[in-house]
$ cat upload_16.cif   # mmCIF, C-alpha atoms
data_my_file
#
loop_
_atom_site.label_atom_id
_atom_site.label_comp_id
_atom_site.auth_asym_id
_atom_site.auth_seq_id
_atom_site.Cartn_x
_atom_site.Cartn_y
_atom_site.Cartn_z
CA SER A 9 2.81 11.47 10.24
CA ALA A 10 1.05 8.75 12.22
CA VAL A 11 2.83 5.69 13.63
CA ILE A 12 1.02 2.36 13.44
CA SER A 13 1.71 -0.69 15.56
CA GLN A 14 0.42 -3.83 13.83
CA LYS A 15 0.28 -7.23 15.53
CA PRO A 16 1.06 -10.02 15.07
CA SER A 17 3.88 -9.61 12.59
CA ARG A 18 3.46 -13.18 11.40
CA ASP A 19 1.54 -16.31 12.25
CA ILE A 20 1.09 -19.86 11.04
CA CYS A 21 -2.47 -21.07 11.48
CA GLN A 22 -4.41 -24.24 10.95
CA ARG A 23 -7.12 -24.26 8.32
CA GLY A 24 -10.59 -23.68 9.71
CA THR A 25 -9.39 -21.40 12.50
CA SER A 26 -9.54 -17.59 12.73
CA LEU A 27 -6.90 -14.95 13.29
CA THR A 28 -7.43 -11.41 14.53
CA ILE A 29 -4.98 -8.73 13.47
CA GLN A 30 -4.71 -5.51 15.43
CA CYS A 31 -3.62 -2.03 14.43
CA GLN A 32 -3.00 0.69 16.99
CA VAL A 33 -2.37 4.25 15.81
CA ASP A 34 -0.60 6.85 17.90
CA SER A 35 -3.11 9.56 16.95
CA GLN A 36 -6.78 9.82 16.12
CA VAL A 37 -7.72 9.08 12.52
CA THR A 38 -11.08 9.02 10.85
CA MET A 39 -10.47 6.34 8.25
CA MET A 40 -8.48 3.14 8.45
CA PHE A 41 -7.96 0.79 5.55
CA TRP A 42 -7.23 -2.92 5.43
CA TYR A 43 -5.34 -4.45 2.51
CA ARG A 44 -4.39 -7.94 1.43
CA GLN A 45 -1.23 -8.73 -0.50
CA GLN A 46 -1.17 -12.22 -1.90
CA PRO A 47 2.25 -13.79 -2.59
CA GLY A 48 4.08 -11.88 -5.30
CA GLN A 49 1.10 -9.63 -5.92
CA SER A 50 0.07 -6.06 -5.36
CA LEU A 51 -2.10 -4.72 -2.57
CA THR A 52 -5.85 -5.14 -2.78
CA LEU A 53 -8.16 -3.08 -0.59
CA ILE A 54 -10.38 -5.26 1.61
CA ALA A 55 -12.41 -2.60 3.39
CA THR A 56 -12.53 0.90 4.81
CA ALA A 57 -13.21 1.17 8.54
CA ASN A 58 -14.68 4.33 10.00
CA GLN A 59 -15.28 4.74 13.71
CA GLY A 60 -18.90 4.43 14.69
CA SER A 61 -20.13 2.82 11.49
CA GLU A 62 -20.00 -0.49 9.69
CA ALA A 63 -16.95 -1.12 7.57
CA THR A 64 -17.35 -0.71 3.84
CA TYR A 65 -16.15 -3.76 1.93
CA GLU A 66 -14.77 -3.89 -1.58
CA SER A 67 -16.06 -6.21 -4.24
CA GLY A 68 -15.04 -9.78 -3.51
CA PHE A 69 -14.73 -9.32 0.25
CA VAL A 70 -17.53 -10.02 2.74
CA ILE A 71 -18.06 -9.27 6.40
CA ASP A 72 -18.55 -12.90 7.39
CA LYS A 73 -15.07 -13.75 6.13
CA PHE A 74 -13.30 -10.55 7.18
CA PRO A 75 -15.12 -8.98 10.15
CA ILE A 76 -13.68 -5.63 11.16
CA SER A 77 -13.99 -3.71 14.40
CA ARG A 78 -13.33 0.00 14.88
CA PRO A 79 -14.15 0.75 18.51
CA ASN A 80 -12.40 4.14 18.62
CA LEU A 81 -10.36 6.56 16.55
CA THR A 82 -7.00 4.90 17.26
CA PHE A 83 -7.67 1.18 16.96
CA SER A 84 -9.02 -1.40 14.54
CA THR A 85 -8.99 -5.17 14.13
CA LEU A 86 -9.39 -7.40 11.11
CA THR A 87 -10.33 -11.04 11.60
CA VAL A 88 -9.64 -13.63 8.93
CA SER A 89 -12.28 -16.28 9.58
CA ASN A 90 -12.46 -19.98 8.75
CA MET A 91 -9.08 -19.82 7.09
CA SER A 92 -7.95 -21.85 4.13
CA PRO A 93 -4.51 -21.98 2.47
CA GLU A 94 -5.78 -19.44 -0.07
CA ASP A 95 -5.88 -16.87 2.74
CA SER A 96 -2.10 -17.04 3.08
CA SER A 97 -1.09 -13.44 2.44
CA ILE A 98 0.31 -10.33 4.00
CA TYR A 99 -2.38 -8.20 5.60
CA LEU A 100 -1.73 -4.50 6.11
CA CYS A 101 -3.59 -1.67 7.75
CA SER A 102 -3.26 1.91 6.65
CA VAL A 103 -4.52 5.25 7.84
CA GLU A 104 -5.64 8.33 5.99
CA PRO A 105 -3.20 11.09 5.58
CA PHE A 106 -3.94 14.07 7.76
CA SER A 107 -2.41 17.37 6.98
CA PRO A 108 -3.84 20.88 6.93
CA GLY A 109 -2.17 21.29 3.58
CA GLY A 110 -4.11 18.52 1.91
CA VAL A 111 -3.46 14.93 0.94
CA ASN A 112 -0.15 13.42 1.89
CA GLY A 113 1.13 9.89 1.69
CA TYR A 114 -0.64 7.21 3.63
CA THR A 115 0.98 5.45 6.58
CA PHE A 116 1.03 1.67 6.65
CA GLY A 117 1.50 -0.84 9.41
CA SER A 118 4.41 -3.25 9.13
CA GLY A 119 2.14 -6.02 7.94
CA THR A 120 1.04 -9.44 9.19
CA ARG A 121 2.40 -12.38 7.23
CA LEU A 122 -0.18 -15.15 7.52
CA THR A 123 0.46 -18.73 6.49
CA VAL A 124 -2.43 -21.18 6.62
CA VAL A 125 -1.52 -24.87 6.70
CA SER B 22 -11.66 0.20 -10.29
CA GLN B 23 -8.59 0.93 -12.31
CA GLN B 24 -5.12 -0.27 -11.51
CA GLY B 25 -1.79 1.23 -12.36
CA GLU B 26 0.37 -0.81 -14.69
CA GLU B 27 4.04 -0.70 -13.87
CA ASP B 28 6.93 -1.26 -16.15
CA PRO B 29 9.29 -3.01 -15.93
CA GLN B 30 8.20 -5.80 -13.60
CA ALA B 31 11.81 -6.30 -12.55
CA LEU B 32 14.94 -4.21 -12.89
CA SER B 33 18.51 -5.10 -11.97
CA ILE B 34 21.23 -2.45 -11.96
CA GLN B 35 24.64 -1.73 -10.47
CA GLU B 36 25.22 0.62 -7.57
CA GLY B 37 25.64 4.18 -8.75
CA GLU B 38 23.40 3.75 -11.78
CA ASN B 39 20.01 5.38 -12.16
CA ALA B 40 16.78 3.39 -12.02
CA THR B 41 13.61 4.41 -13.85
CA MET B 42 10.21 2.88 -13.26
CA ASN B 43 7.02 3.75 -15.11
CA CYS B 44 3.36 3.65 -14.20
CA SER B 45 0.45 3.98 -16.62
CA TYR B 46 -3.24 4.25 -15.83
CA LYS B 47 -6.54 4.63 -17.61
CA THR B 48 -8.88 7.03 -15.84
CA SER B 49 -8.63 10.37 -14.09
CA ILE B 50 -6.82 10.71 -10.79
CA ASN B 51 -6.46 13.26 -8.00
CA ASN B 52 -2.91 12.28 -7.23
CA LEU B 53 -0.36 9.55 -7.85
CA GLN B 54 1.85 8.19 -5.12
CA TRP B 55 4.94 6.00 -5.04
CA TYR B 56 5.69 3.54 -2.25
CA ARG B 57 8.58 1.24 -1.41
CA GLN B 58 8.24 -2.18 0.19
CA ASN B 59 11.19 -4.08 1.59
CA SER B 60 10.97 -7.87 1.73
CA GLY B 61 7.18 -8.10 1.98
CA ARG B 62 6.93 -5.78 4.94
CA GLY B 63 4.99 -2.54 5.36
CA LEU B 64 4.94 0.13 2.71
CA VAL B 65 6.84 3.37 3.01
CA HIS B 66 5.53 6.45 1.28
CA LEU B 67 8.10 8.02 -1.00
CA ILE B 68 6.47 10.85 -2.86
CA LEU B 69 3.07 12.17 -3.91
CA ILE B 70 2.40 14.19 -7.04
CA ARG B 71 -0.92 15.92 -7.56
CA SER B 72 -2.78 15.87 -10.85
CA ASN B 73 -1.94 19.52 -11.50
CA GLU B 74 1.78 18.99 -10.97
CA ARG B 75 4.24 17.78 -13.58
CA GLU B 76 7.39 17.07 -11.62
CA LYS B 77 8.52 16.68 -8.02
CA HIS B 78 11.83 15.99 -6.37
CA SER B 79 12.71 14.49 -3.03
CA GLY B 80 16.36 13.78 -2.37
CA ARG B 81 17.50 11.25 -4.99
CA LEU B 82 13.93 10.74 -6.22
CA ARG B 83 12.37 12.47 -9.16
CA VAL B 84 8.76 11.86 -10.16
CA THR B 85 7.06 13.07 -13.30
CA LEU B 86 3.39 13.00 -14.20
CA ASP B 87 1.91 13.36 -17.67
CA THR B 88 -1.85 13.44 -17.34
CA SER B 89 -2.33 13.65 -21.11
CA LYS B 90 -0.53 10.32 -21.51
CA LYS B 91 -1.81 9.03 -18.16
CA SER B 92 1.64 8.01 -17.08
CA SER B 93 4.17 8.66 -14.36
CA SER B 94 7.80 7.82 -13.87
CA LEU B 95 9.97 7.41 -10.80
CA LEU B 96 13.68 8.03 -11.18
CA ILE B 97 16.11 7.01 -8.47
CA THR B 98 19.51 8.55 -9.06
CA ALA B 99 22.85 7.20 -7.87
CA SER B 100 21.26 4.00 -6.62
CA ARG B 101 22.52 2.15 -3.54
CA ALA B 102 22.24 -1.47 -2.49
CA ALA B 103 19.80 -0.30 0.21
CA ASP B 104 17.41 0.82 -2.54
CA THR B 105 16.74 -2.83 -3.33
CA ALA B 106 12.98 -3.21 -2.81
CA SER B 107 9.65 -3.40 -4.59
CA TYR B 108 8.26 -0.08 -5.77
CA PHE B 109 4.54 0.50 -6.24
CA CYS B 110 2.60 3.32 -7.79
CA ALA B 111 -0.77 4.05 -6.22
CA LEU B 112 -3.60 6.00 -7.78
CA GLY B 113 -5.43 8.42 -5.50
CA GLY B 114 -9.03 9.24 -6.33
CA SER B 115 -11.64 11.46 -4.75
CA ASN B 116 -12.71 8.93 -2.13
CA TYR B 117 -9.42 8.53 -0.21
CA LYS B 118 -9.00 5.01 -1.58
CA LEU B 119 -5.72 4.00 -3.16
CA THR B 120 -5.42 1.59 -6.07
CA PHE B 121 -2.01 -0.02 -6.34
CA GLY B 122 -0.08 -1.17 -9.37
CA LYS B 123 1.62 -4.54 -9.51
CA GLY B 124 5.01 -3.15 -8.63
CA THR B 125 8.56 -3.14 -9.92
CA LEU B 126 11.15 -5.27 -8.16
CA LEU B 127 14.39 -3.30 -8.13
CA THR B 128 17.66 -5.05 -7.38
CA VAL B 129 20.74 -2.90 -6.92
CA ASN B 130 23.91 -4.93 -7.05
CA PRO B 131 26.91 -3.75 -5.03
#
$ encode --input "upload_16.cif" --output "C-alpha cells"
Amino acid sequence: SAVISQKPSRDICQRGTSLTIQCQVDSQVTMMFWYRQQPGQSLTLIATANQGSEATYESGFVIDKFPISRPNLTFSTLTVSNMSPEDSSIYLCSVEPFSPGGVNGYTFGSGTRLTVV
Amino acid sequence: SQQGEEDPQALSIQEGENATMNCSYKTSINNLQWYRQNSGRGLVHLILIRSNEREKHSGRLRVTLDTSKKSSSLLITASRAADTASYFCALGGSNYKLTFGKGTLLTVNP
C-alpha cells in the first residue's frame, strides 16, 4: 500500500493567518482526500482532489476557506485560510486504495494537529 | 450522506478479554471498513468487508456484516494494552468516498 508523508505534524497559529498542509505520496494516485477531525469527533470529508481538475468540496466547505492544490499525481496541499479558533482540528489526507483485486483499505497520513489561538 | 453509528462510545476491559464494537447504518453500501486511531494520529486500516461477504478474519480481528440489519461488528480477541485506541467504522459507497462513524474509544487495562 502507499506511504504518505504529511507535514507539519502539528502547529499553533494565530487567528487570521493561514496554514498550508502538505501530503506527499510515494506512488502515483488518482484521488486524494482531505478530512477534518474536530476535537473528540469523527472524520469529516472536506474535499476530493484529482490531478488536473478543481477539487470537489463537500457541503459546508468552500474553496476560499480551504484551497487545495494537486499539481501532480503524488502531491497535494490543503490551506486553512483566515483561521479562527473553530478551525482547531486534526487535518488528514488520504489516498484511494489501488489494487488489481478491487477496493482495499485507504491509506492515511499521520495527521496535522492544528491549534488556533 | 449517511453516517455509521457506533456502539458503545467507550469500552474499558482487562487485558486478555475480548472487545466487541458495533456499527449500524441506514442506506446501502459497497463495503464497510474498520480503522484504528491512536491518540489522535493517523488512521490505520484494519479490515474491509464487502457487501456480499458476511464474515472476515484477520489475526485477532473478526468482522461480521449483516446487510439485512444494516449492521457490522468488530471483535478483538485476547486484547492487549497496545490495542487501546479509537476504532471507527467507515462506509464505502460507489464514489470512493468514505463516511466515518463517531468511533468507539477502547481502553485495555493491563
$ closest_atom_pairs --input "upload_16.cif" --of "stretch 99-123 of chain B" --to "stretch 55-60 of chain A" --cutoff "12 Å" --atoms "only C-alpha atoms" --output "Markdown table"
| residue | atom | partner | partner_atom | distance |
| --- | --- | --- | --- | --- |
| B:Asn116 | CA | A:Thr56 | CA | 10.6 |
| B:Tyr117 | CA | A:Thr56 | CA | 9.6 |
| B:Lys118 | CA | A:Thr56 | CA | 8.4 |
| B:Leu119 | CA | A:Thr56 | CA | 10.9 |
$ residues_near_point --input "upload_16.cif" --point "(5.6, 6.7, 4.9)" --cutoff "6 Å" --atoms "only C-alpha atoms" --output "ChimeraX atom specification"
/A:115 /B:65-66
$ residues_around --input "upload_16.cif" --residues "A:Leu53" --least-positions-apart "5" --cutoff "8 Å" --atoms "all atoms listed in the file" --output "PyMOL selection string"
(chain A and resi 41-44+66) or (chain B and resi 119-120)
$ resolve_selection --input "upload_16.cif" --expression "the PyMOL selection byres ((chain B) within 9 of (chain A))" --output "count of residues only"
23
$ atom_distance --input "upload_16.cif" --atom1 "atom CA of B:Ile70" --atom2 "atom CA of B:Gly113"
9.8 Å
$ decode --input "upload_16.cif" --residues "stretch 35-76 of chain B" --atoms "N, CA and C atoms" --output "PDB file, in the first residue's frame"
ATOM      1  N   GLN B  35     -10.198  -5.569  30.556  1.00  0.00           N
ATOM      2  CA  GLN B  35      -8.913  -6.018  31.046  1.00  0.00           C
ATOM      3  C   GLN B  35      -8.168  -6.769  29.935  1.00  0.00           C
ATOM      4  N   GLU B  36      -6.863  -6.725  30.006  1.00  0.00           N
ATOM      5  CA  GLU B  36      -6.057  -7.490  29.056  1.00  0.00           C
ATOM      6  C   GLU B  36      -6.495  -8.944  29.040  1.00  0.00           C
ATOM      7  N   GLY B  37      -6.535  -9.507  27.857  1.00  0.00           N
ATOM      8  CA  GLY B  37      -6.931 -10.903  27.706  1.00  0.00           C
ATOM      9  C   GLY B  37      -8.407 -11.083  27.396  1.00  0.00           C
ATOM     10  N   GLU B  38      -9.211 -10.077  27.725  1.00  0.00           N
ATOM     11  CA  GLU B  38     -10.637 -10.157  27.417  1.00  0.00           C
ATOM     12  C   GLU B  38     -10.880  -9.824  25.946  1.00  0.00           C
ATOM     13  N   ASN B  39     -12.081 -10.160  25.498  1.00  0.00           N
ATOM     14  CA  ASN B  39     -12.481  -9.813  24.134  1.00  0.00           C
ATOM     15  C   ASN B  39     -13.230  -8.483  24.136  1.00  0.00           C
ATOM     16  N   ALA B  40     -13.084  -7.750  23.036  1.00  0.00           N
ATOM     17  CA  ALA B  40     -13.783  -6.468  22.888  1.00  0.00           C
ATOM     18  C   ALA B  40     -14.651  -6.529  21.642  1.00  0.00           C
ATOM     19  N   THR B  41     -15.894  -6.133  21.775  1.00  0.00           N
ATOM     20  CA  THR B  41     -16.821  -6.110  20.644  1.00  0.00           C
ATOM     21  C   THR B  41     -17.370  -4.710  20.450  1.00  0.00           C
ATOM     22  N   MET B  42     -17.264  -4.232  19.212  1.00  0.00           N
ATOM     23  CA  MET B  42     -17.804  -2.930  18.846  1.00  0.00           C
ATOM     24  C   MET B  42     -18.773  -3.114  17.692  1.00  0.00           C
ATOM     25  N   ASN B  43     -19.820  -2.314  17.694  1.00  0.00           N
ATOM     26  CA  ASN B  43     -20.864  -2.447  16.681  1.00  0.00           C
ATOM     27  C   ASN B  43     -21.010  -1.165  15.876  1.00  0.00           C
ATOM     28  N   CYS B  44     -21.450  -1.347  14.636  1.00  0.00           N
ATOM     29  CA  CYS B  44     -21.668  -0.217  13.744  1.00  0.00           C
ATOM     30  C   CYS B  44     -22.973  -0.437  12.993  1.00  0.00           C
ATOM     31  N   SER B  45     -23.866   0.523  13.052  1.00  0.00           N
ATOM     32  CA  SER B  45     -25.129   0.420  12.303  1.00  0.00           C
ATOM     33  C   SER B  45     -25.214   1.555  11.299  1.00  0.00           C
ATOM     34  N   TYR B  46     -25.929   1.325  10.225  1.00  0.00           N
ATOM     35  CA  TYR B  46     -26.046   2.335   9.179  1.00  0.00           C
ATOM     36  C   TYR B  46     -27.430   2.260   8.570  1.00  0.00           C
ATOM     37  N   LYS B  47     -27.726   3.184   7.646  1.00  0.00           N
ATOM     38  CA  LYS B  47     -29.105   3.293   7.187  1.00  0.00           C
ATOM     39  C   LYS B  47     -29.325   3.008   5.710  1.00  0.00           C
ATOM     40  N   THR B  48     -28.327   3.242   4.870  1.00  0.00           N
ATOM     41  CA  THR B  48     -28.557   3.022   3.448  1.00  0.00           C
ATOM     42  C   THR B  48     -27.627   1.940   2.917  1.00  0.00           C
ATOM     43  N   SER B  49     -27.671   1.709   1.622  1.00  0.00           N
ATOM     44  CA  SER B  49     -26.876   0.629   1.049  1.00  0.00           C
ATOM     45  C   SER B  49     -25.403   1.029   0.974  1.00  0.00           C
ATOM     46  N   ILE B  50     -24.548   0.026   1.036  1.00  0.00           N
ATOM     47  CA  ILE B  50     -23.115   0.251   0.989  1.00  0.00           C
ATOM     48  C   ILE B  50     -22.465  -0.727   0.013  1.00  0.00           C
ATOM     49  N   ASN B  51     -21.273  -0.362  -0.456  1.00  0.00           N
ATOM     50  CA  ASN B  51     -20.461  -1.293  -1.240  1.00  0.00           C
ATOM     51  C   ASN B  51     -19.559  -2.112  -0.334  1.00  0.00           C
ATOM     52  N   ASN B  52     -19.070  -1.465   0.701  1.00  0.00           N
ATOM     53  CA  ASN B  52     -18.202  -2.153   1.641  1.00  0.00           C
ATOM     54  C   ASN B  52     -18.226  -1.403   2.964  1.00  0.00           C
ATOM     55  N   LEU B  53     -17.730  -2.052   3.999  1.00  0.00           N
ATOM     56  CA  LEU B  53     -17.622  -1.430   5.308  1.00  0.00           C
ATOM     57  C   LEU B  53     -16.209  -1.702   5.808  1.00  0.00           C
ATOM     58  N   GLN B  54     -15.595  -0.661   6.322  1.00  0.00           N
ATOM     59  CA  GLN B  54     -14.200  -0.775   6.735  1.00  0.00           C
ATOM     60  C   GLN B  54     -14.066  -0.380   8.205  1.00  0.00           C
ATOM     61  N   TRP B  55     -13.078  -0.939   8.843  1.00  0.00           N
ATOM     62  CA  TRP B  55     -12.756  -0.593  10.227  1.00  0.00           C
ATOM     63  C   TRP B  55     -11.341  -0.035  10.275  1.00  0.00           C
ATOM     64  N   TYR B  56     -11.204   1.059  11.050  1.00  0.00           N
ATOM     65  CA  TYR B  56      -9.919   1.727  11.206  1.00  0.00           C
ATOM     66  C   TYR B  56      -9.619   1.915  12.688  1.00  0.00           C
ATOM     67  N   ARG B  57      -8.341   2.018  12.994  1.00  0.00           N
ATOM     68  CA  ARG B  57      -7.885   2.305  14.353  1.00  0.00           C
ATOM     69  C   ARG B  57      -7.121   3.621  14.332  1.00  0.00           C
ATOM     70  N   GLN B  58      -7.319   4.421  15.388  1.00  0.00           N
ATOM     71  CA  GLN B  58      -6.602   5.669  15.527  1.00  0.00           C
ATOM     72  C   GLN B  58      -6.025   5.736  16.928  1.00  0.00           C
ATOM     73  N   ASN B  59      -4.725   5.896  16.996  1.00  0.00           N
ATOM     74  CA  ASN B  59      -4.040   6.027  18.285  1.00  0.00           C
ATOM     75  C   ASN B  59      -3.826   7.500  18.600  1.00  0.00           C
ATOM     76  N   SER B  60      -4.309   7.933  19.735  1.00  0.00           N
ATOM     77  CA  SER B  60      -4.012   9.258  20.276  1.00  0.00           C
ATOM     78  C   SER B  60      -4.128  10.376  19.256  1.00  0.00           C
ATOM     79  N   GLY B  61      -5.218  10.405  18.485  1.00  0.00           N
ATOM     80  CA  GLY B  61      -5.460  11.487  17.559  1.00  0.00           C
ATOM     81  C   GLY B  61      -4.469  11.581  16.417  1.00  0.00           C
ATOM     82  N   ARG B  62      -3.843  10.493  16.080  1.00  0.00           N
ATOM     83  CA  ARG B  62      -2.910  10.495  14.963  1.00  0.00           C
ATOM     84  C   ARG B  62      -3.605   9.964  13.713  1.00  0.00           C
ATOM     85  N   GLY B  63      -2.826   9.501  12.737  1.00  0.00           N
ATOM     86  CA  GLY B  63      -3.397   8.987  11.510  1.00  0.00           C
ATOM     87  C   GLY B  63      -4.156   7.694  11.732  1.00  0.00           C
ATOM     88  N   LEU B  64      -5.001   7.383  10.774  1.00  0.00           N
ATOM     89  CA  LEU B  64      -5.796   6.163  10.865  1.00  0.00           C
ATOM     90  C   LEU B  64      -5.077   4.998  10.205  1.00  0.00           C
ATOM     91  N   VAL B  65      -5.253   3.847  10.799  1.00  0.00           N
ATOM     92  CA  VAL B  65      -4.689   2.615  10.256  1.00  0.00           C
ATOM     93  C   VAL B  65      -5.828   1.703   9.855  1.00  0.00           C
ATOM     94  N   HIS B  66      -5.782   1.252   8.612  1.00  0.00           N
ATOM     95  CA  HIS B  66      -6.824   0.356   8.129  1.00  0.00           C
ATOM     96  C   HIS B  66      -6.672  -1.016   8.760  1.00  0.00           C
ATOM     97  N   LEU B  67      -7.770  -1.544   9.277  1.00  0.00           N
ATOM     98  CA  LEU B  67      -7.739  -2.853   9.910  1.00  0.00           C
ATOM     99  C   LEU B  67      -8.285  -3.936   8.995  1.00  0.00           C
ATOM    100  N   ILE B  68      -9.472  -3.712   8.484  1.00  0.00           N
ATOM    101  CA  ILE B  68     -10.127  -4.776   7.732  1.00  0.00           C
ATOM    102  C   ILE B  68     -11.262  -4.185   6.902  1.00  0.00           C
ATOM    103  N   LEU B  69     -11.497  -4.765   5.752  1.00  0.00           N
ATOM    104  CA  LEU B  69     -12.581  -4.344   4.865  1.00  0.00           C
ATOM    105  C   LEU B  69     -13.456  -5.555   4.596  1.00  0.00           C
ATOM    106  N   ILE B  70     -14.750  -5.352   4.658  1.00  0.00           N
ATOM    107  CA  ILE B  70     -15.681  -6.428   4.325  1.00  0.00           C
ATOM    108  C   ILE B  70     -16.629  -5.902   3.249  1.00  0.00           C
ATOM    109  N   ARG B  71     -16.784  -6.656   2.194  1.00  0.00           N
ATOM    110  CA  ARG B  71     -17.624  -6.239   1.081  1.00  0.00           C
ATOM    111  C   ARG B  71     -19.082  -6.570   1.367  1.00  0.00           C
ATOM    112  N   SER B  72     -19.960  -5.933   0.650  1.00  0.00           N
ATOM    113  CA  SER B  72     -21.389  -6.067   0.942  1.00  0.00           C
ATOM    114  C   SER B  72     -21.906  -7.487   0.705  1.00  0.00           C
ATOM    115  N   ASN B  73     -21.174  -8.262  -0.092  1.00  0.00           N
ATOM    116  CA  ASN B  73     -21.612  -9.639  -0.342  1.00  0.00           C
ATOM    117  C   ASN B  73     -20.913 -10.648   0.566  1.00  0.00           C
ATOM    118  N   GLU B  74     -20.160 -10.149   1.529  1.00  0.00           N
ATOM    119  CA  GLU B  74     -19.489 -11.018   2.489  1.00  0.00           C
ATOM    120  C   GLU B  74     -20.191 -10.925   3.837  1.00  0.00           C
ATOM    121  N   ARG B  75     -20.062 -11.957   4.622  1.00  0.00           N
ATOM    122  CA  ARG B  75     -20.738 -11.993   5.920  1.00  0.00           C
ATOM    123  C   ARG B  75     -19.756 -11.971   7.076  1.00  0.00           C
ATOM    124  N   GLU B  76     -18.557 -12.489   6.846  1.00  0.00           N
ATOM    125  CA  GLU B  76     -17.590 -12.566   7.935  1.00  0.00           C
ATOM    126  C   GLU B  76     -16.178 -12.578   7.353  1.00  0.00           C
TER     127      GLU B  76
END
